[in-house]
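To be precise, the following lines are structure-v2.cif, and they hold mmCIF, C-alpha atoms.
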data_query
#
loop_
_atom_site.label_atom_id
_atom_site.label_comp_id
_atom_site.auth_asym_id
_atom_site.auth_seq_id
_atom_site.Cartn_x
_atom_site.Cartn_y
_atom_site.Cartn_z
CA MET X 1 -2.01 23.10 8.50
CA ASP X 2 -0.73 25.51 5.91
CA THR X 3 2.48 26.12 7.77
CA ARG X 4 3.56 22.50 7.40
CA GLU X 5 5.52 23.24 4.22
CA GLN X 6 7.50 26.06 5.80
CA ASP X 7 7.94 24.39 9.19
CA TRP X 8 9.01 21.08 7.79
CA ALA X 9 11.22 22.54 5.08
CA SER X 10 13.12 24.65 7.59
CA ALA X 11 13.44 21.66 9.94
CA MET X 12 14.89 19.66 7.05
CA VAL X 13 17.38 22.44 6.32
CA ALA X 14 18.35 22.47 10.00
CA ALA X 15 18.81 18.71 9.81
CA ARG X 16 21.18 19.15 6.90
CA ASP X 17 23.30 21.28 9.16
CA GLY X 18 23.34 18.52 11.74
CA ASP X 19 20.51 19.57 14.09
CA GLU X 20 19.46 16.15 15.43
CA ALA X 21 16.72 17.50 17.67
CA ALA X 22 14.98 19.34 14.86
CA TYR X 23 15.30 16.29 12.65
CA GLY X 24 13.79 14.05 15.32
CA ARG X 25 10.87 16.42 15.77
CA LEU X 26 10.35 16.53 12.02
CA LEU X 27 10.27 12.74 11.73
CA SER X 28 7.80 12.51 14.60
CA ALA X 29 5.56 15.08 13.00
CA VAL X 30 5.75 13.27 9.68
CA ALA X 31 4.90 9.96 11.33
CA THR X 32 1.93 11.45 13.17
CA SER X 33 0.68 13.02 9.99
CA LEU X 34 1.18 9.91 7.86
CA ARG X 35 -0.24 7.34 10.21
CA PRO X 36 -3.98 7.92 9.70
CA ALA X 37 -3.60 8.26 5.95
CA MET X 38 -1.62 5.02 5.79
CA ARG X 39 -4.16 3.18 7.91
CA THR X 40 -7.00 4.26 5.69
CA ARG X 41 -5.24 3.20 2.53
CA MET X 42 -4.08 -0.09 3.99
CA ARG X 43 -7.61 -0.92 5.10
CA HIS X 44 -8.79 -0.45 1.54
CA CYS X 45 -6.30 -3.14 0.59
CA ARG X 46 -7.42 -5.34 3.47
CA LEU X 47 -4.21 -4.90 5.40
CA SER X 48 -3.95 -4.28 9.11
CA ASP X 49 -3.02 -1.29 11.24
CA SER X 50 0.21 -2.89 12.35
CA GLU X 51 1.18 -3.36 8.72
CA ALA X 52 0.32 0.31 8.25
CA GLU X 53 2.76 1.16 11.03
CA ASP X 54 5.41 -0.90 9.25
CA VAL X 55 4.91 1.23 6.17
CA VAL X 56 5.14 4.42 8.21
CA GLN X 57 8.47 3.19 9.52
CA GLU X 58 9.65 2.32 6.02
CA VAL X 59 8.78 5.84 4.88
CA LEU X 60 10.80 7.32 7.74
CA ILE X 61 13.75 5.15 6.84
CA ALA X 62 13.45 6.16 3.17
CA ILE X 63 13.32 9.83 4.15
CA HIS X 64 16.52 9.29 6.09
CA THR X 65 18.46 7.32 3.48
CA LYS X 66 17.28 9.52 0.60
CA ARG X 67 17.48 12.86 2.40
CA ARG X 68 20.12 14.12 0.01
CA SER X 69 17.69 13.86 -2.88
CA TRP X 70 15.73 16.84 -1.55
CA ASP X 71 16.81 20.16 -2.97
CA PRO X 72 16.21 23.06 -0.52
CA ASP X 73 15.31 25.22 -3.52
CA ARG X 74 12.29 23.03 -4.09
CA ALA X 75 9.13 22.43 -2.07
CA PHE X 76 9.35 19.84 0.69
CA LEU X 77 5.84 18.37 0.73
CA PRO X 78 5.82 17.13 -2.89
CA TRP X 79 9.13 15.37 -2.24
CA LEU X 80 7.79 13.85 0.97
CA ASN X 81 4.56 12.73 -0.71
CA ALA X 82 6.49 11.15 -3.55
CA ILE X 83 8.62 9.14 -1.13
CA ALA X 84 5.61 8.05 0.91
CA ARG X 85 3.72 7.04 -2.20
CA HIS X 86 6.62 5.01 -3.56
CA LYS X 87 6.99 3.10 -0.30
CA LEU X 88 3.25 2.56 0.06
CA ILE X 89 2.96 1.05 -3.41
CA ASP X 90 5.94 -1.20 -2.72
CA ALA X 91 4.56 -2.35 0.60
CA VAL X 92 1.04 -3.01 -0.64
CA ARG X 93 2.37 -5.10 -3.50
CA ARG X 94 4.56 -7.12 -1.18
CA LEU X 95 2.01 -7.58 1.60
CA SER X 96 -0.87 -8.47 -0.73
CA ARG X 97 1.27 -11.07 -2.41
CA ASP X 98 2.11 -12.59 0.97
CA ALA X 99 -1.50 -12.52 2.08
CA ARG X 100 -2.63 -14.38 -1.00
CA ARG X 101 -0.12 -17.11 -0.31
CA ARG X 102 -1.36 -17.75 3.19
CA VAL X 103 -3.72 -20.74 3.16
CA VAL X 104 -7.21 -19.72 4.15
CA LEU X 105 -8.23 -22.51 6.51
CA ALA X 106 -11.88 -21.71 6.78
CA ASP X 107 -12.14 -21.85 10.56
CA GLY X 108 -14.99 -19.41 10.44
CA GLU X 109 -17.01 -21.79 8.34
CA TRP X 110 -17.11 -24.30 11.13
CA ASP X 111 -18.30 -21.76 13.66
CA ASP X 112 -20.94 -20.27 11.43
CA LEU X 113 -22.45 -23.53 10.47
CA PHE X 114 -24.01 -24.23 13.82
CA GLU X 115 -24.73 -20.62 14.60
CA ALA X 116 -28.44 -19.92 14.56
CA PRO X 117 -29.78 -17.01 12.51
CA GLN X 118 -30.15 -13.80 14.54
CA SER X 119 -33.93 -13.78 14.53
CA ALA X 120 -34.37 -17.16 16.27
CA PRO X 121 -31.50 -17.67 18.73
CA ASP X 122 -33.08 -20.59 20.54
CA ALA X 123 -34.10 -22.61 17.57
CA GLY X 124 -30.51 -23.38 16.56
CA ALA X 125 -29.79 -26.65 18.29
CA ILE X 126 -33.10 -28.27 17.46
CA ASP X 127 -32.92 -27.15 13.86
CA VAL X 128 -29.55 -28.75 13.32
CA LYS X 129 -30.49 -32.18 14.56
CA ARG X 130 -33.66 -32.12 12.55
CA HIS X 131 -31.76 -31.20 9.41
CA VAL X 132 -29.10 -33.79 9.99
CA HIS X 133 -31.82 -36.39 10.18
CA ALA X 134 -33.11 -35.15 6.90
CA LEU X 135 -29.82 -35.94 5.18
CA SER X 136 -29.38 -39.02 3.08
CA GLY X 137 -28.38 -42.18 4.88
CA ARG X 138 -24.69 -42.18 4.26
CA GLN X 139 -24.32 -38.44 4.78
CA ARG X 140 -26.23 -38.68 8.03
CA GLU X 141 -24.10 -41.51 9.21
CA ILE X 142 -20.87 -39.68 8.47
CA VAL X 143 -21.98 -36.39 10.01
CA GLY X 144 -23.28 -38.17 13.03
CA ALA X 145 -20.07 -40.10 13.52
CA LEU X 146 -17.68 -37.26 12.86
CA VAL X 147 -19.47 -34.47 14.62
CA PHE X 148 -21.59 -35.99 17.35
CA GLU X 149 -19.56 -39.02 18.25
CA GLY X 150 -16.07 -37.65 17.58
CA VAL X 151 -14.98 -40.65 15.53
CA SER X 152 -11.93 -40.08 13.35
CA VAL X 153 -12.10 -39.99 9.57
CA ARG X 154 -9.88 -43.06 9.32
CA GLU X 155 -12.18 -45.11 11.51
CA ILE X 156 -15.24 -44.09 9.57
CA ALA X 157 -13.54 -44.95 6.31
CA ALA X 158 -12.70 -48.37 7.69
CA ARG X 159 -16.18 -48.85 9.09
CA LEU X 160 -17.88 -47.97 5.83
CA ARG X 161 -15.21 -49.75 3.81
CA THR X 162 -14.38 -46.73 1.70
CA THR X 163 -11.50 -44.25 1.46
CA GLU X 164 -10.85 -41.25 3.68
CA GLY X 165 -11.15 -39.01 0.64
CA VAL X 166 -14.68 -40.21 -0.03
CA VAL X 167 -15.61 -39.71 3.61
CA ARG X 168 -14.37 -36.16 3.51
CA MET X 169 -16.13 -35.37 0.26
CA THR X 170 -19.39 -36.76 1.53
CA PHE X 171 -19.00 -34.71 4.66
CA HIS X 172 -18.45 -31.55 2.61
CA ARG X 173 -21.61 -32.21 0.65
CA ALA X 174 -23.53 -32.84 3.80
CA LEU X 175 -22.34 -29.57 5.25
CA ALA X 176 -23.38 -27.77 2.12
CA SER X 177 -26.89 -29.16 2.35
CA LEU X 178 -27.09 -28.37 6.04
CA ARG X 179 -25.98 -24.87 5.42
CA ASN X 180 -28.58 -24.40 2.75
CA ALA X 181 -31.24 -25.85 4.96
CA LEU X 182 -30.34 -23.76 7.99
CA ASP X 183 -29.97 -20.52 6.16
CA PRO X 184 -31.28 -20.69 2.62
CA GLY X 185 -30.19 -17.11 1.96
CA THR X 186 -26.46 -17.69 2.05
CA GLU X 187 -24.41 -18.70 -0.96
CA PRO X 188 -22.49 -21.93 -0.47
CA ARG X 189 -18.93 -20.84 0.10
CA PRO X 190 -16.24 -22.34 -2.16
CA ARG X 191 -13.82 -24.67 -0.48
CA THR X 192 -10.46 -22.93 -0.09
CA GLY X 193 -8.53 -25.44 1.93
CA ARG X 194 -8.49 -29.13 2.48
CA MET X 195 -10.34 -30.39 5.47
CA SER X 196 -7.78 -31.75 7.86
CA LYS X 197 -8.28 -34.80 10.00
CA ARG X 198 -8.02 -32.64 13.06
CA ASP X 199 -10.81 -30.34 11.96
CA ALA X 200 -13.19 -33.17 11.29
CA SER X 201 -12.87 -34.68 14.71
CA THR X 202 -13.25 -31.49 16.72
CA GLY X 203 -16.70 -30.51 15.47
CA GLN X 204 -18.97 -29.86 18.38
CA PRO X 205 -22.67 -30.40 18.56
CA SER X 206 -24.39 -27.10 19.27
CA MET O 207 5.36 -2.07 23.74
CA THR O 208 3.06 -0.38 21.30
CA GLU O 209 3.89 0.07 17.67
CA ALA O 210 4.15 3.81 18.09
CA ASP O 211 6.86 3.25 20.71
CA ASP O 212 8.71 1.15 18.19
CA THR O 213 8.47 4.00 15.70
CA ASN O 214 9.71 6.48 18.27
CA ARG O 215 12.74 4.35 18.93
CA LEU O 216 13.37 4.21 15.21
CA ILE O 217 13.18 8.00 15.01
CA GLY O 218 15.73 8.28 17.80
CA ALA O 219 18.10 5.99 15.93
CA LEU O 220 17.66 7.85 12.66
CA ALA O 221 18.24 11.23 14.29
CA SER O 222 21.50 10.12 15.81
CA ASP O 223 22.57 8.77 12.42
CA LEU O 224 22.38 12.21 10.88
CA GLY O 225 26.08 12.71 10.27
CA ARG O 226 27.53 15.33 8.01
CA PRO O 227 25.68 16.75 5.05
CA GLY O 228 26.74 15.27 1.76
CA LEU O 229 26.52 16.46 -1.83
CA GLY O 230 23.14 17.06 -3.38
CA ILE O 231 22.08 15.66 -6.71
CA ARG O 232 23.33 18.48 -8.95
CA PRO O 233 26.81 18.89 -7.48
CA MET O 234 27.25 15.13 -7.51
CA LEU O 235 26.17 14.84 -11.14
CA ALA O 236 28.51 17.68 -12.09
CA VAL O 237 31.51 16.05 -10.42
CA ALA O 238 30.76 12.62 -11.86
CA ALA O 239 30.09 13.89 -15.36
CA ALA O 240 33.15 16.17 -15.40
CA THR O 241 35.38 13.37 -14.17
CA GLY O 242 33.95 11.01 -16.76
CA LEU O 243 34.59 13.55 -19.49
CA GLY O 244 38.14 14.12 -18.26
CA LEU O 245 38.90 10.42 -18.25
CA ALA O 246 37.43 10.02 -21.74
CA LEU O 247 39.52 12.91 -23.06
CA LEU O 248 42.66 11.41 -21.54
CA ALA O 249 41.98 8.00 -23.01
CA SER O 250 40.98 9.47 -26.33
CA SER O 251 44.14 11.54 -26.70
CA ALA O 252 46.37 8.78 -25.39
CA PHE O 253 45.12 5.94 -27.53
CA LEU O 254 43.20 7.28 -30.44
CA ALA O 255 44.23 10.68 -31.58
CA ASP O 256 46.20 11.21 -34.73
CA ARG O 257 47.98 14.44 -33.93
CA THR O 258 48.58 15.66 -37.43
CA ARG O 259 45.01 15.15 -38.35
CA LEU O 260 43.87 16.93 -35.22
CA ALA O 261 45.78 20.07 -36.11
CA ASP O 262 44.22 19.91 -39.56
CA ALA O 263 40.79 19.46 -38.14
CA LEU O 264 41.02 22.38 -35.75
CA HIS O 265 42.17 24.52 -38.61
CA HIS O 266 39.40 23.63 -40.95
CA GLY O 267 36.53 23.77 -38.56
CA TRP O 268 34.65 20.62 -39.47
CA LEU O 269 35.51 19.19 -36.08
CA TYR O 270 33.32 21.85 -34.47
CA GLN O 271 30.13 20.50 -35.95
CA LYS O 272 30.66 17.21 -34.12
CA LEU O 273 31.66 18.92 -30.90
CA ILE O 274 28.67 21.22 -30.93
CA CYS O 275 26.23 18.39 -31.63
CA MET O 276 27.58 16.24 -28.81
CA ALA O 277 27.75 19.15 -26.41
CA ALA O 278 24.13 20.00 -27.23
CA LEU O 279 23.15 16.38 -26.64
CA ALA O 280 24.86 16.35 -23.24
CA ALA O 281 23.28 19.69 -22.35
CA GLY O 282 19.89 18.25 -23.29
CA ALA O 283 20.42 15.06 -21.29
CA TRP O 284 21.38 16.91 -18.12
CA PRO O 285 17.96 18.33 -17.13
CA ILE O 286 16.30 15.03 -18.02
CA LEU O 287 18.60 13.13 -15.69
CA ASP O 288 18.11 15.79 -13.02
CA ASP O 289 14.33 15.32 -13.22
CA LEU O 290 14.47 11.54 -13.18
CA ALA O 291 16.81 11.48 -10.19
CA ARG O 292 14.12 12.96 -7.94
CA PRO O 293 11.02 11.21 -6.65
CA GLU O 294 8.67 14.14 -7.38
CA ARG O 295 6.70 13.65 -10.51
CA SER O 296 7.84 16.55 -12.62
CA GLY O 297 7.79 14.72 -15.93
CA PRO O 298 11.25 14.77 -17.48
CA ARG O 299 11.88 17.71 -19.78
CA TYR O 300 12.41 15.73 -22.97
CA ALA O 301 12.10 18.89 -25.05
CA THR O 302 15.64 19.83 -24.05
CA LEU O 303 16.88 17.23 -26.53
CA LEU O 304 15.34 19.03 -29.48
CA PRO O 305 18.22 21.42 -30.25
CA ALA O 306 20.67 18.53 -30.36
CA LEU O 307 18.42 16.44 -32.57
CA LEU O 308 17.86 19.31 -34.96
CA LEU O 309 21.59 19.99 -35.19
CA LEU O 310 22.30 16.32 -35.87
CA LEU O 311 19.64 16.17 -38.56
CA ALA O 312 20.84 19.36 -40.16
CA GLY O 313 24.39 18.01 -40.14
CA ALA O 314 23.23 14.81 -41.80
CA ILE O 315 21.29 16.61 -44.52
CA TRP O 316 23.91 19.20 -45.37
CA ASP O 317 26.94 16.98 -44.90
CA PRO O 318 29.90 18.91 -46.36
CA GLN O 319 32.23 15.94 -46.22
CA GLY O 320 30.28 13.54 -48.37
CA VAL O 321 31.88 10.79 -46.34
CA GLY O 322 28.71 8.76 -46.16
CA LEU O 323 27.39 6.13 -43.86
CA SER O 324 30.20 3.62 -43.99
CA GLY O 325 32.94 6.02 -43.03
CA GLN O 326 36.42 6.26 -44.43
CA SER O 327 37.54 2.67 -44.01
CA VAL O 328 36.11 -0.79 -43.52
CA ASN O 329 36.83 -0.63 -39.84
CA SER O 330 35.23 2.72 -39.25
CA VAL O 331 31.83 1.63 -38.00
CA PRO O 332 32.80 -1.17 -35.61
CA SER O 333 35.77 0.68 -34.17
CA CYS O 334 33.78 3.89 -33.72
CA LEU O 335 30.99 2.04 -31.94
CA ALA O 336 33.35 0.08 -29.73
CA ASP O 337 35.50 3.09 -28.89
CA ILE O 338 32.61 5.30 -27.86
CA VAL O 339 31.07 2.54 -25.75
CA LEU O 340 34.36 1.87 -23.97
CA LEU O 341 35.01 5.56 -23.40
CA THR O 342 31.56 5.91 -21.83
CA LEU O 343 31.92 3.19 -19.22
CA PRO O 344 34.00 4.98 -16.55
CA GLY O 345 31.81 8.08 -16.66
CA LEU O 346 28.64 6.01 -16.59
CA ALA O 347 29.89 4.07 -13.58
CA LEU O 348 30.71 7.29 -11.73
CA ILE O 349 27.31 8.81 -12.47
CA LEU O 350 25.48 5.67 -11.38
CA ILE O 351 27.45 5.47 -8.16
CA GLY O 352 26.65 9.09 -7.47
CA LEU O 353 22.96 8.53 -8.20
CA ARG O 354 22.87 5.56 -5.90
CA ARG O 355 24.08 7.76 -3.07
CA THR O 356 22.10 10.89 -3.62
CA ALA O 357 19.11 10.22 -5.84
CA ALA O 358 15.69 8.67 -5.25
CA PRO O 359 14.39 7.78 -8.70
CA THR O 360 10.90 6.35 -8.90
CA ARG O 361 11.74 5.02 -12.36
CA PRO O 362 15.20 3.58 -11.86
CA ALA O 363 15.59 2.03 -15.32
CA LEU O 364 14.69 5.27 -17.06
CA ALA O 365 17.03 7.21 -14.80
CA GLY O 366 19.81 4.77 -15.69
CA ALA O 367 19.08 5.27 -19.38
CA ALA O 368 19.34 9.03 -18.96
CA ALA O 369 22.66 8.54 -17.18
CA GLY O 370 23.82 6.51 -20.19
CA LEU O 371 22.67 9.25 -22.53
CA LEU O 372 24.63 11.93 -20.66
CA ALA O 373 27.75 9.81 -20.22
CA GLY O 374 27.56 8.66 -23.84
CA ALA O 375 27.25 12.16 -25.23
CA LEU O 376 30.28 13.29 -23.23
CA ALA O 377 32.31 10.28 -24.30
CA ALA O 378 31.36 10.90 -27.92
CA LEU O 379 32.48 14.49 -27.44
CA ALA O 380 35.89 13.26 -26.31
CA TYR O 381 36.00 10.74 -29.14
CA ALA O 382 35.22 13.39 -31.74
CA PHE O 383 38.73 14.78 -31.39
CA ALA O 384 40.21 11.46 -32.38
CA CYS O 385 37.66 10.16 -34.81
CA ARG O 386 38.59 10.34 -38.48
CA ASN O 387 35.01 10.20 -39.68
CA ASP O 388 33.43 13.59 -39.74
CA GLY O 389 30.40 13.11 -41.93
CA GLY O 390 27.12 14.47 -40.59
CA LEU O 391 25.22 11.33 -41.56
CA PHE O 392 27.89 9.14 -39.97
CA ILE O 393 27.62 11.05 -36.72
CA LEU O 394 23.84 10.94 -36.63
CA VAL O 395 23.66 7.20 -37.22
CA TRP O 396 26.78 5.72 -35.64
CA TYR O 397 27.46 8.05 -32.76
CA GLY O 398 23.70 7.84 -32.17
CA ALA O 399 23.81 4.05 -32.18
CA ALA O 400 26.70 3.94 -29.72
CA ILE O 401 24.88 6.32 -27.39
CA ALA O 402 21.72 4.24 -27.69
CA ILE O 403 23.72 1.14 -26.72
CA VAL O 404 25.18 2.73 -23.60
CA SER O 405 21.75 4.09 -22.68
CA GLY O 406 20.59 0.50 -22.75
CA PHE O 407 23.44 -0.51 -20.44
CA GLY O 408 22.50 2.36 -18.18
CA ALA O 409 18.87 1.24 -18.08
CA ALA O 410 19.83 -2.30 -17.13
CA ALA O 411 22.27 -1.09 -14.50
CA GLY O 412 19.73 1.41 -13.22
CA ARG O 413 17.07 -1.20 -12.68
CA LEU O 414 19.53 -3.20 -10.57
CA ALA O 415 21.42 -0.49 -8.77
CA LEU O 416 19.02 2.43 -8.37
CA ALA O 417 15.91 0.81 -6.95
CA TRP O 418 15.06 1.63 -3.28
#
Let me see the structure of the file written as C-alpha cells.
Amino acid sequence: MDTREQDWASAMVAARDGDEAAYGRLLSAVATSLRPAMRTRMRHCRLSDSEAEDVVQEVLIAIHTKRRSWDPDRAFLPWLNAIARHKLIDAVRRLSRDARRRVVLADGEWDDLFEAPQSAPDAGAIDVKRHVHALSGRQREIVGALVFEGVSVREIAARLRTTEGVVRMTFHRALASLRNALDPGTEPRPRTGRMSKRDASTGQPS
Amino acid sequence: MTEADDTNRLIGALASDLGRPGLGIRPMLAVAAATGLGLALLASSAFLADRTRLADALHHGWLYQKLICMAALAAGAWPILDDLARPERSGPRYATLLPALLLLLAGAIWDPQGVGLSGQSVNSVPSCLADIVLLTLPGLALILIGLRRTAAPTRPALAGAAAGLLAGALAALAYAFACRNDGGLFILVWYGAAIAIVSGFGAAAGRLALAW
C-alpha cells in the first residue's frame, strides 16, 4: 500500500513520455482503488453504485485531460486525491439536484398499506376488511368502490354527485385512518405526489 | 456489459489518446507572461513613450522606484498563481506580496516628487488607468489560455484574479517607462487601482474559462 505513491508517480512519468501501456495500467489501478471509496461516499448521499461508477469514470477523464497540471517534482497522491475530490463534489451536487427533481410517486405506500405486520402474517386480510367497515359512510363507500370494485374515480364522482378532487381527498383520508388502524405505530407519511387516476383503480384487495 | 467493462473501455480510449507531452504549468506561465510583457513594452514604446523624457528619467533614477515596485509585485504574484493553478490544496502563498506592498507604501510616504494624487495633468488619472488596463489585456489572455490548457484550478475565479494580478503588474512595469507621473502616492493608488480592475476581469474570465 505504501508503494502506491512511487509506483503510480513513476507510471505517470512514463505516461508523459508516451508509454500507453503503463498509463493504461495506472488508470486501471486508480479505478480499482477509487471504486470502493466512491461507492461508500455515494451511498452516504443516497446515490447508487452505478452513479458511483460514473464518477469513477469522470475522475479518470479528468486525470487524462488535466495530466499536465501534475508536476513530477511534487507528490502524485495529493494531486490525484484533489482531482477525485473535485469531481466527487461536482457529481454529488449535480446528482442530488436531479434526484430531488424526480417526482416521488409513492408506489411503496400502496404496497405497504395492505401488508400485514410481521408478527401476524395471517391476520392481514381480515383486519383490512374489518377496518374498512369501521370507516365513516362516505369513506367506506369510496374505498369499497375504488379498491374492491375497481370503479374509476370519475364514475364515483358522478355517482356521488361530487368532484373527482373531493373523491381523491376523501380516499386519502380514508387511507390515513386505515393505516393508523392497521399499524398504530407508524407516522402518517406526507403526501408527495398527486394520486393519479390509474393508481386509484388498480388497488387490489389483499 | 457490466459497468466495470465500460470503464475498461474508457481506459483503453484514454491510453491511446496519450499523444505527446505538452508544457507543464510553470513553463507555460513563463512563456505567456514573458510574451505579454514583450507585447506591452512594444505597445508602450510605440504609442506612449516620450523619448526625451525617458532619457531624463533613466538619468535621474526616479523611474527605478516604479520599476522595482512593479517587478516586486509581479514576482509576488507568480507563486500565488502557481499555487492556485494546481488542484492540491497548498493554500496560496499570499505572503509573497508583502515586499511589493511595503515598497509601494514606502514610496507613497517618502514621495520625492511631491506630484500628488492627481498627477501632472487633468488627464493623468483616466489615461493612466485606461492605458494600463489596455496594456494588460493581451498578456492576460495569453496566461488564461495557457491555464486553460495546463492547469486544474479548484478555485477558478481566484486563479483568474491571480492571473490578472500578474499580467497587470507586468503591464504596469511596461507602462512605467512611458508614464509621466512618477509620484509614489500616485503609483500606489492609481497603478494599484488599474491592477485591481484587471484582477477583477481575470476573476470573471476565470470563472467562465477555467472551470472543469
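Atom to atom, atom CA of X:Asp90 and atom CA of X:Asp73 stand 28.0 Å apart.
Residues of chain O lying within 7 Å of chain X, counting all atoms listed in the file, are Glu209, Thr213, Ile217, Gly218, Leu220, Ala221, Ser222, Leu224, Gly225, Arg226, Pro227, Gly228, Gly230, Ile231, Arg292, Pro293, Glu294, Thr356, Ala357, Ala358 and Thr360 of chain O.
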Residues as selected, C-alpha atoms, written as a CSV table (one decimal), in the frame of the given file, can you do that?
chain,number,residue,atom,x,y,z
O,209,GLU,CA,3.9,0.1,17.7
O,213,THR,CA,8.5,4.0,15.7
O,217,ILE,CA,13.2,8.0,15.0
O,218,GLY,CA,15.7,8.3,17.8
O,220,LEU,CA,17.7,7.8,12.7
O,221,ALA,CA,18.2,11.2,14.3
O,222,SER,CA,21.5,10.1,15.8
O,224,LEU,CA,22.4,12.2,10.9
O,225,GLY,CA,26.1,12.7,10.3
O,226,ARG,CA,27.5,15.3,8.0
O,227,PRO,CA,25.7,16.8,5.0
O,228,GLY,CA,26.7,15.3,1.8
O,230,GLY,CA,23.1,17.1,-3.4
O,231,ILE,CA,22.1,15.7,-6.7
O,292,ARG,CA,14.1,13.0,-7.9
O,293,PRO,CA,11.0,11.2,-6.6
O,294,GLU,CA,8.7,14.1,-7.4
O,356,THR,CA,22.1,10.9,-3.6
O,357,ALA,CA,19.1,10.2,-5.8
O,358,ALA,CA,15.7,8.7,-5.2
O,360,THR,CA,10.9,6.4,-8.9
Can you tell me, as a PDB file with C-alpha atoms, in the coordinates of the input, what residues are no more than 8 Å from stretch 336-344 of chain O when counting all atoms listed in the file, ignoring any on the same chain fewer than 2 positions away?
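And here's result-v9.pdb as it stands now:
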ATOM      1  CA  GLY O 242      33.950  11.010 -16.760  1.00  0.00           C
ATOM      2  CA  LEU O 245      38.900  10.420 -18.250  1.00  0.00           C
ATOM      3  CA  ALA O 246      37.430  10.020 -21.740  1.00  0.00           C
ATOM      4  CA  ALA O 249      41.980   8.000 -23.010  1.00  0.00           C
ATOM      5  CA  SER O 250      40.980   9.470 -26.330  1.00  0.00           C
ATOM      6  CA  PRO O 332      32.800  -1.170 -35.610  1.00  0.00           C
ATOM      7  CA  SER O 333      35.770   0.680 -34.170  1.00  0.00           C
ATOM      8  CA  CYS O 334      33.780   3.890 -33.720  1.00  0.00           C
ATOM      9  CA  LEU O 346      28.640   6.010 -16.590  1.00  0.00           C
ATOM     10  CA  ALA O 347      29.890   4.070 -13.580  1.00  0.00           C
ATOM     11  CA  LEU O 348      30.710   7.290 -11.730  1.00  0.00           C
ATOM     12  CA  GLY O 370      23.820   6.510 -20.190  1.00  0.00           C
ATOM     13  CA  ALA O 373      27.750   9.810 -20.220  1.00  0.00           C
ATOM     14  CA  GLY O 374      27.560   8.660 -23.840  1.00  0.00           C
ATOM     15  CA  LEU O 376      30.280  13.290 -23.230  1.00  0.00           C
ATOM     16  CA  ALA O 377      32.310  10.280 -24.300  1.00  0.00           C
ATOM     17  CA  ALA O 378      31.360  10.900 -27.920  1.00  0.00           C
ATOM     18  CA  TYR O 381      36.000  10.740 -29.140  1.00  0.00           C
ATOM     19  CA  TYR O 397      27.460   8.050 -32.760  1.00  0.00           C
ATOM     20  CA  ALA O 400      26.700   3.940 -29.720  1.00  0.00           C
ATOM     21  CA  ILE O 401      24.880   6.320 -27.390  1.00  0.00           C
ATOM     22  CA  ILE O 403      23.720   1.140 -26.720  1.00  0.00           C
ATOM     23  CA  VAL O 404      25.180   2.730 -23.600  1.00  0.00           C
TER      24      VAL O 404
END
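Proximity of O:Ala306, O:Leu287, O:Leu311, O:Ala382 to O:Tyr270, computed with all atoms listed in the file, is greatest for O:Ala382.
In this structure, atom CA of X:Arg138 sits 15.7 Å away from atom CA of X:Arg154.
Coordinates place atom CA of O:Asp317 at a distance of 17.6 Å from atom CA of O:Pro305.
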Contacts of O:Ala415 within 10 Å, only C-alpha atoms, excl. fewer than 4 positions in-chain, as a PyMOL selection string = chain O and resi 350-351+353-354+362-363+366+408-411
The PyMOL selection byres ((chain O and resi 239) around 8) on the file shown: which residues, as a count of residues only?
-> 14
Could you tell me which residues the PyMOL selection byres ((chain O and resi 285) around 10) returns for this structure, as JSON, numbers by chain?
-> {"O": [232, 280, 281, 282, 283, 284, 286, 287, 288, 289, 290, 291, 298, 299, 300, 301, 302, 303, 368, 372]}
Kindly provide, as lines of an AutoDock Vina configuration file, the centre and edge lengths (Å, one decimal) of an axis-aligned box around all atoms of stretch 94-101 of chain X given in the file, with 3 Å on each side.
center_x = 1.0
center_y = -12.1
center_z = -0.2
size_x = 13.2
size_y = 16.0
size_z = 10.5
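Of the listed residues X:Val30, X:Cys45, X:Ala174, X:Ala99, the one whose atoms come nearest to X:Val59 is X:Val30, with distances taken using all atoms listed in the file.
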